[in-house]
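**Q** Quick one: this structure, given as structure tokens, is what I'll be asking you about.
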Amino acid sequence: GLGIVVVAMVFLPVMKVGGMQFFRSEGFDTLGKVLPRAGQIAGEMTQLYLILTGACVITYLLLGLSGFDAIVHALTTISTGGFSSYDASFGAFLGPPEWAACLFMILASIPFIRMVQLMRGQAAPLWRDTQVRAYLRWVFYACAIIVIYRLAWMGQSAHPEEMLRETVFNTISTFSGTGFASTNMTMWGHLPLTVLIIAGLIGGCTGSTGCSVKVFRYLVLFEAVGAQIRRMHSPHRIYPLRYDGQPLDQDVVDSVMAFFTLFFLTFGLLIVGLSLTGLHPRTALTAAWTAIANIGPVWGPEITANGSVAEFPTAAKWLMILGMFLGRLELVSVLVLLLPRFWRP
């Protein structure tokens with residue numbers, strides 16, 4: 001949780017991993033003189049992380065969870081880890097705790113540096129952040145699509161509040177990469193599962209505990225693709241790339257494109273590898289998806305009643321271990337270790 005936030009905001013920008021150099025050259029400048037050094041950044045985010053965890057524990061306690069359950073699930077909510085001490089995952093706490101978890105999963109998957117500014121009385125940067133607004137908008141779209149589908153095509157309107165709650169909770173859990181589950185989402189139909197898979201491949205914001213590709217990289221991708229389309233229409237015009245009002249250097253764009261290529265190439269290879277171990281194609285797809293995007297749930301005929309992958313072949317488990325490792329450490333920083341030049345004196 002906290003460790004990956006510090007890595008993302010302090011180390012990855014220096015390593016120029018997946019466009020993160022943007023946050024070294026431009027992102028920190030938006031903080032003004034509030035936090036001029038990396039040590040202060042890490043310290044402030046540590047305080048914020050502890051405050052959020054404590055608030056989550058207290059909220060869960062007030063909503064009826066036992067002390068142990070509140071602490072365990074607060075730790076895995078703020079870290080967007082999603083691990084539960086129950087086979088039913090968050091299905092053991094249906095009702096108001098799901099709404100509370102939604103709030104804290106959202107907070108944990110937006111940039112911590114913006115919340116530090118909020119703590120210091122500067123609310124404007126949080127709301128003006130292009131990435132935050134895009135993330136909240138996309139979460140809303142995903143929830144709305146699934147709710148409308150379930151109401152219109154599945155006829156699930158007998159308990160509208162329950163349907164809305166479980167849809168919002170499980171969608172946010174998947175989008176943020178937390179991986180909690182409170183119901184069997186395979187019963188929702190094919191379109192909702194497709195939306196959830198796409199959401200999982202987007203993930204939270206850069207500088208949060210969220211996983212997967214991150215909203216920032218998709219925004220850069222859309223900007224680059226849009227500029228290329230406009231350039232094809234008017235090849236002699238210049239279309240500068242900008243993100244959040246700041247110019248995007250070509251090395252940032254190239255780094256993001258390299259990350260996308262590596263991510264989806266690795267994703268495809270994982271699917272093929274898992275299929276070769278004998279897994280059903282749908283199981284192989286969702287197992288590769290949940291591993292490289294660091295989400296949690298897997299869907300398929302080989303999954304046990306409590307949702308575990310205990311029955312998977314040993315080779316499949318090793319492939320998922322590799323996928324989780326690569327996905328959590330942003331692929332490029334791990335794969336560079338495999339280059340012969342890295343080991344030359």
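Just so we're on the same page: first chain in the structure tokens is A, next is B, and so on; residues restart at 1 for each chain, and ligands are numbered from 1 in the order they show up.
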When you look at A:Ala293 with a cut-off of 8 Å (counting only C-alpha atoms), what residues show up, excluding the ones that are within fewer than 6 positions of it in the same chain? I need them as JSON, numbers by chain.
**A** {"A": [177, 200, 201, 203, 211, 212, 213, 324, 327, 328]}
**Q** Using only C-alpha atoms, which residues of stretch 173-281 of chain A come within 8 Å of stretch 73-88 of chain A, and what is the closest atom pair for each, with the distance in Å to one decimal? Give it as JSON lines, sorted by chain and residue number.
**A**
{"residue": "A:Ser176", "atom": "CA", "partner": "A:Thr80", "partner_atom": "CA", "distance": 6.9}
{"residue": "A:Gly177", "atom": "CA", "partner": "A:Thr80", "partner_atom": "CA", "distance": 6.2}
{"residue": "A:Thr178", "atom": "CA", "partner": "A:Thr80", "partner_atom": "CA", "distance": 4.0}
{"residue": "A:Gly179", "atom": "CA", "partner": "A:Gly82", "partner_atom": "CA", "distance": 4.8}
{"residue": "A:Phe180", "atom": "CA", "partner": "A:Gly82", "partner_atom": "CA", "distance": 4.9}
{"residue": "A:Ala181", "atom": "CA", "partner": "A:Ala88", "partner_atom": "CA", "distance": 7.6}
{"residue": "A:Ser182", "atom": "CA", "partner": "A:Ala88", "partner_atom": "CA", "distance": 7.0}
{"residue": "A:Thr209", "atom": "CA", "partner": "A:Ser79", "partner_atom": "CA", "distance": 5.6}
{"residue": "A:Gly210", "atom": "CA", "partner": "A:Thr80", "partner_atom": "CA", "distance": 6.1}
**Q** DSSP on the backbone: what in stretch 185-302 of chain A comes out alpha helix (DSSP H), as a PyMOL selection string?
**A** chain A and resi 190-202+215-233+250-276+281-292
**Q** How would the residues just chosen look if you wrote them out with C-alpha atoms as a tab-separated table (two decimals), in the first residue's frame?
**A**
chain	number	residue	atom	x	y	z
A	190	HIS	CA	-21.84	-10.89	-20.23
A	191	LEU	CA	-21.90	-7.09	-20.64
A	192	PRO	CA	-21.25	-6.34	-16.94
A	193	LEU	CA	-18.35	-8.82	-16.90
A	194	THR	CA	-16.90	-7.12	-19.98
A	195	VAL	CA	-17.20	-3.72	-18.30
A	196	LEU	CA	-15.51	-5.07	-15.15
A	197	ILE	CA	-12.62	-6.54	-17.15
A	198	ILE	CA	-12.08	-3.22	-18.94
A	199	ALA	CA	-12.29	-1.37	-15.61
A	200	GLY	CA	-9.69	-3.69	-14.11
A	201	LEU	CA	-7.33	-2.99	-17.01
A	202	ILE	CA	-7.61	0.76	-16.30
A	215	VAL	CA	-5.66	6.50	-15.55
A	216	PHE	CA	-2.74	8.84	-16.29
A	217	ARG	CA	-1.35	6.56	-19.01
A	218	TYR	CA	-4.74	6.20	-20.73
A	219	LEU	CA	-5.13	9.98	-20.80
A	220	VAL	CA	-1.70	10.31	-22.41
A	221	LEU	CA	-2.60	7.56	-24.87
A	222	PHE	CA	-5.88	9.26	-25.84
A	223	GLU	CA	-4.08	12.59	-26.25
A	224	ALA	CA	-1.41	11.03	-28.47
A	225	VAL	CA	-3.94	9.12	-30.59
A	226	GLY	CA	-6.11	12.22	-30.97
A	227	ALA	CA	-3.13	14.28	-32.07
A	228	GLN	CA	-2.14	11.61	-34.59
A	229	ILE	CA	-5.66	11.53	-36.09
A	230	ARG	CA	-5.68	15.33	-36.37
A	231	ARG	CA	-2.20	15.20	-37.93
A	232	MET	CA	-3.44	12.78	-40.60
A	233	HIS	CA	-6.16	15.28	-41.50
A	250	GLN	CA	8.07	13.17	-26.45
A	251	ASP	CA	10.06	10.93	-24.09
A	252	VAL	CA	7.05	10.78	-21.76
A	253	VAL	CA	4.76	9.77	-24.63
A	254	ASP	CA	7.28	7.20	-25.87
A	255	SER	CA	7.63	5.77	-22.37
A	256	VAL	CA	3.85	5.44	-22.00
A	257	MET	CA	3.57	3.74	-25.39
A	258	ALA	CA	6.36	1.33	-24.46
A	259	PHE	CA	4.55	0.54	-21.22
A	260	PHE	CA	1.27	-0.19	-23.03
A	261	THR	CA	3.09	-2.44	-25.50
A	262	LEU	CA	4.84	-4.37	-22.74
A	263	PHE	CA	1.70	-4.59	-20.59
A	264	PHE	CA	-0.60	-6.02	-23.24
A	265	LEU	CA	2.11	-8.21	-24.75
A	266	THR	CA	2.76	-9.70	-21.31
A	267	PHE	CA	-1.00	-9.99	-20.75
A	268	GLY	CA	-1.40	-11.93	-24.01
A	269	LEU	CA	1.56	-14.21	-23.28
A	270	LEU	CA	0.11	-14.95	-19.83
A	271	ILE	CA	-3.23	-15.92	-21.37
A	272	VAL	CA	-1.49	-18.28	-23.79
A	273	GLY	CA	0.74	-19.73	-21.07
A	274	LEU	CA	-2.18	-20.34	-18.70
A	275	SER	CA	-4.20	-21.94	-21.51
A	276	LEU	CA	-1.33	-24.33	-22.20
A	281	PRO	CA	-10.00	-20.21	-21.99
A	282	ARG	CA	-12.23	-17.99	-19.83
A	283	THR	CA	-10.32	-19.02	-16.72
A	284	ALA	CA	-6.99	-18.35	-18.45
A	285	LEU	CA	-8.19	-14.90	-19.55
A	286	THR	CA	-9.44	-13.81	-16.13
A	287	ALA	CA	-6.47	-15.39	-14.32
A	288	ALA	CA	-4.03	-13.43	-16.50
A	289	TRP	CA	-6.17	-10.31	-16.06
A	290	THR	CA	-6.34	-10.56	-12.28
A	291	ALA	CA	-2.62	-11.35	-11.99
A	292	ILE	CA	-1.06	-8.66	-14.14
**Q** Show me a table, sorted first by chain and then by increasing residue number, of the residues of stretch 49-107 of chain A having an atom at most 12 Å from stretch 111-114 of chain A, each with its shortest atom pair and the distance in Å to one decimal, counting only C-alpha atoms and written as a tab-separated table.
**A**
residue	atom	partner	partner_atom	distance
A:Tyr49	CA	A:Phe112	CA	8.3
A:Leu50	CA	A:Phe112	CA	11.9
A:Ile51	CA	A:Phe112	CA	11.9
A:Leu52	CA	A:Phe112	CA	10.6
A:Ile78	CA	A:Phe112	CA	11.2
A:Ser79	CA	A:Phe112	CA	11.9
A:Ile106	CA	A:Pro111	CA	10.2
A:Leu107	CA	A:Phe112	CA	8.4
**Q** Export N, CA, C and O atoms of the chosen residues as a PDB file, in the first residue's frame?
**A**
ATOM      1  N   TYR A  49      -1.661   8.305   5.094  1.00  0.00           N
ATOM      2  CA  TYR A  49      -2.011   6.885   5.016  1.00  0.00           C
ATOM      3  C   TYR A  49      -2.500   6.379   6.364  1.00  0.00           C
ATOM      4  O   TYR A  49      -3.496   5.650   6.456  1.00  0.00           O
ATOM      5  N   LEU A  50      -1.823   6.752   7.433  1.00  0.00           N
ATOM      6  CA  LEU A  50      -2.221   6.324   8.776  1.00  0.00           C
ATOM      7  C   LEU A  50      -3.569   6.929   9.165  1.00  0.00           C
ATOM      8  O   LEU A  50      -4.399   6.271   9.801  1.00  0.00           O
ATOM      9  N   ILE A  51      -3.784   8.180   8.788  1.00  0.00           N
ATOM     10  CA  ILE A  51      -5.061   8.838   9.098  1.00  0.00           C
ATOM     11  C   ILE A  51      -6.209   8.134   8.375  1.00  0.00           C
ATOM     12  O   ILE A  51      -7.263   7.856   8.968  1.00  0.00           O
ATOM     13  N   LEU A  52      -6.025   7.829   7.083  1.00  0.00           N
ATOM     14  CA  LEU A  52      -7.062   7.143   6.325  1.00  0.00           C
ATOM     15  C   LEU A  52      -7.348   5.754   6.894  1.00  0.00           C
ATOM     16  O   LEU A  52      -8.508   5.352   7.009  1.00  0.00           O
ATOM     17  N   ILE A  78      -7.500   0.334   2.416  1.00  0.00           N
ATOM     18  CA  ILE A  78      -6.655   1.480   2.091  1.00  0.00           C
ATOM     19  C   ILE A  78      -5.475   1.069   1.216  1.00  0.00           C
ATOM     20  O   ILE A  78      -5.008   1.849   0.382  1.00  0.00           O
ATOM     21  N   SER A  79      -4.998  -0.150   1.372  1.00  0.00           N
ATOM     22  CA  SER A  79      -3.910  -0.626   0.513  1.00  0.00           C
ATOM     23  C   SER A  79      -4.426  -1.137  -0.821  1.00  0.00           C
ATOM     24  O   SER A  79      -3.627  -1.543  -1.669  1.00  0.00           O
ATOM     25  N   ILE A 106     -12.246   4.526  -3.067  1.00  0.00           N
ATOM     26  CA  ILE A 106     -12.074   5.672  -3.955  1.00  0.00           C
ATOM     27  C   ILE A 106     -10.937   6.556  -3.453  1.00  0.00           C
ATOM     28  O   ILE A 106     -10.057   6.974  -4.223  1.00  0.00           O
ATOM     29  N   LEU A 107     -10.932   6.855  -2.153  1.00  0.00           N
ATOM     30  CA  LEU A 107      -9.882   7.703  -1.588  1.00  0.00           C
ATOM     31  C   LEU A 107      -8.504   7.077  -1.761  1.00  0.00           C
ATOM     32  O   LEU A 107      -7.516   7.769  -2.025  1.00  0.00           O
TER      33      LEU A 107
END
**Q** Give me, as a VMD selection string, the residues of stretch 34-252 of chain A that a backbone DSSP run labels strand (DSSP E).
**A** chain A and resid 242 to 243 246 to 247
**Q** For the residues in the current selection, export N, CA and C atoms as a short mmCIF file (atom, residue, chain, number, x, y, z; two decimals), in the first residue's frame.
**A**
data_model
loop_
_atom_site.label_atom_id
_atom_site.label_comp_id
_atom_site.auth_asym_id
_atom_site.auth_seq_id
_atom_site.Cartn_x
_atom_site.Cartn_y
_atom_site.Cartn_z
N ARG A 242 -0.58 17.98 -24.52
CA ARG A 242 -0.63 18.57 -23.18
C ARG A 242 -1.40 17.64 -22.26
N TYR A 243 -1.00 17.67 -20.99
CA TYR A 243 -1.71 16.89 -19.97
C TYR A 243 -1.87 17.78 -18.75
N GLN A 246 -0.10 21.00 -18.74
CA GLN A 246 1.35 20.97 -18.85
C GLN A 246 1.75 20.30 -20.17
N PRO A 247 2.80 20.78 -20.83
CA PRO A 247 3.23 20.14 -22.08
C PRO A 247 3.81 18.76 -21.82
#
**Q** Using only C-alpha atoms, pick whichever of A:Cys205, A:Arg344, A:Phe312, A:Gly1 has the shortest atom-to-atom distance to A:Tyr135.
**A** A:Cys205
**Q** Return the single residue from A:Trp127, A:Phe68, A:Trp99, A:Tyr239 that is closest to A:Asn170, with distances computed using only C-alpha atoms.
**A** A:Trp99
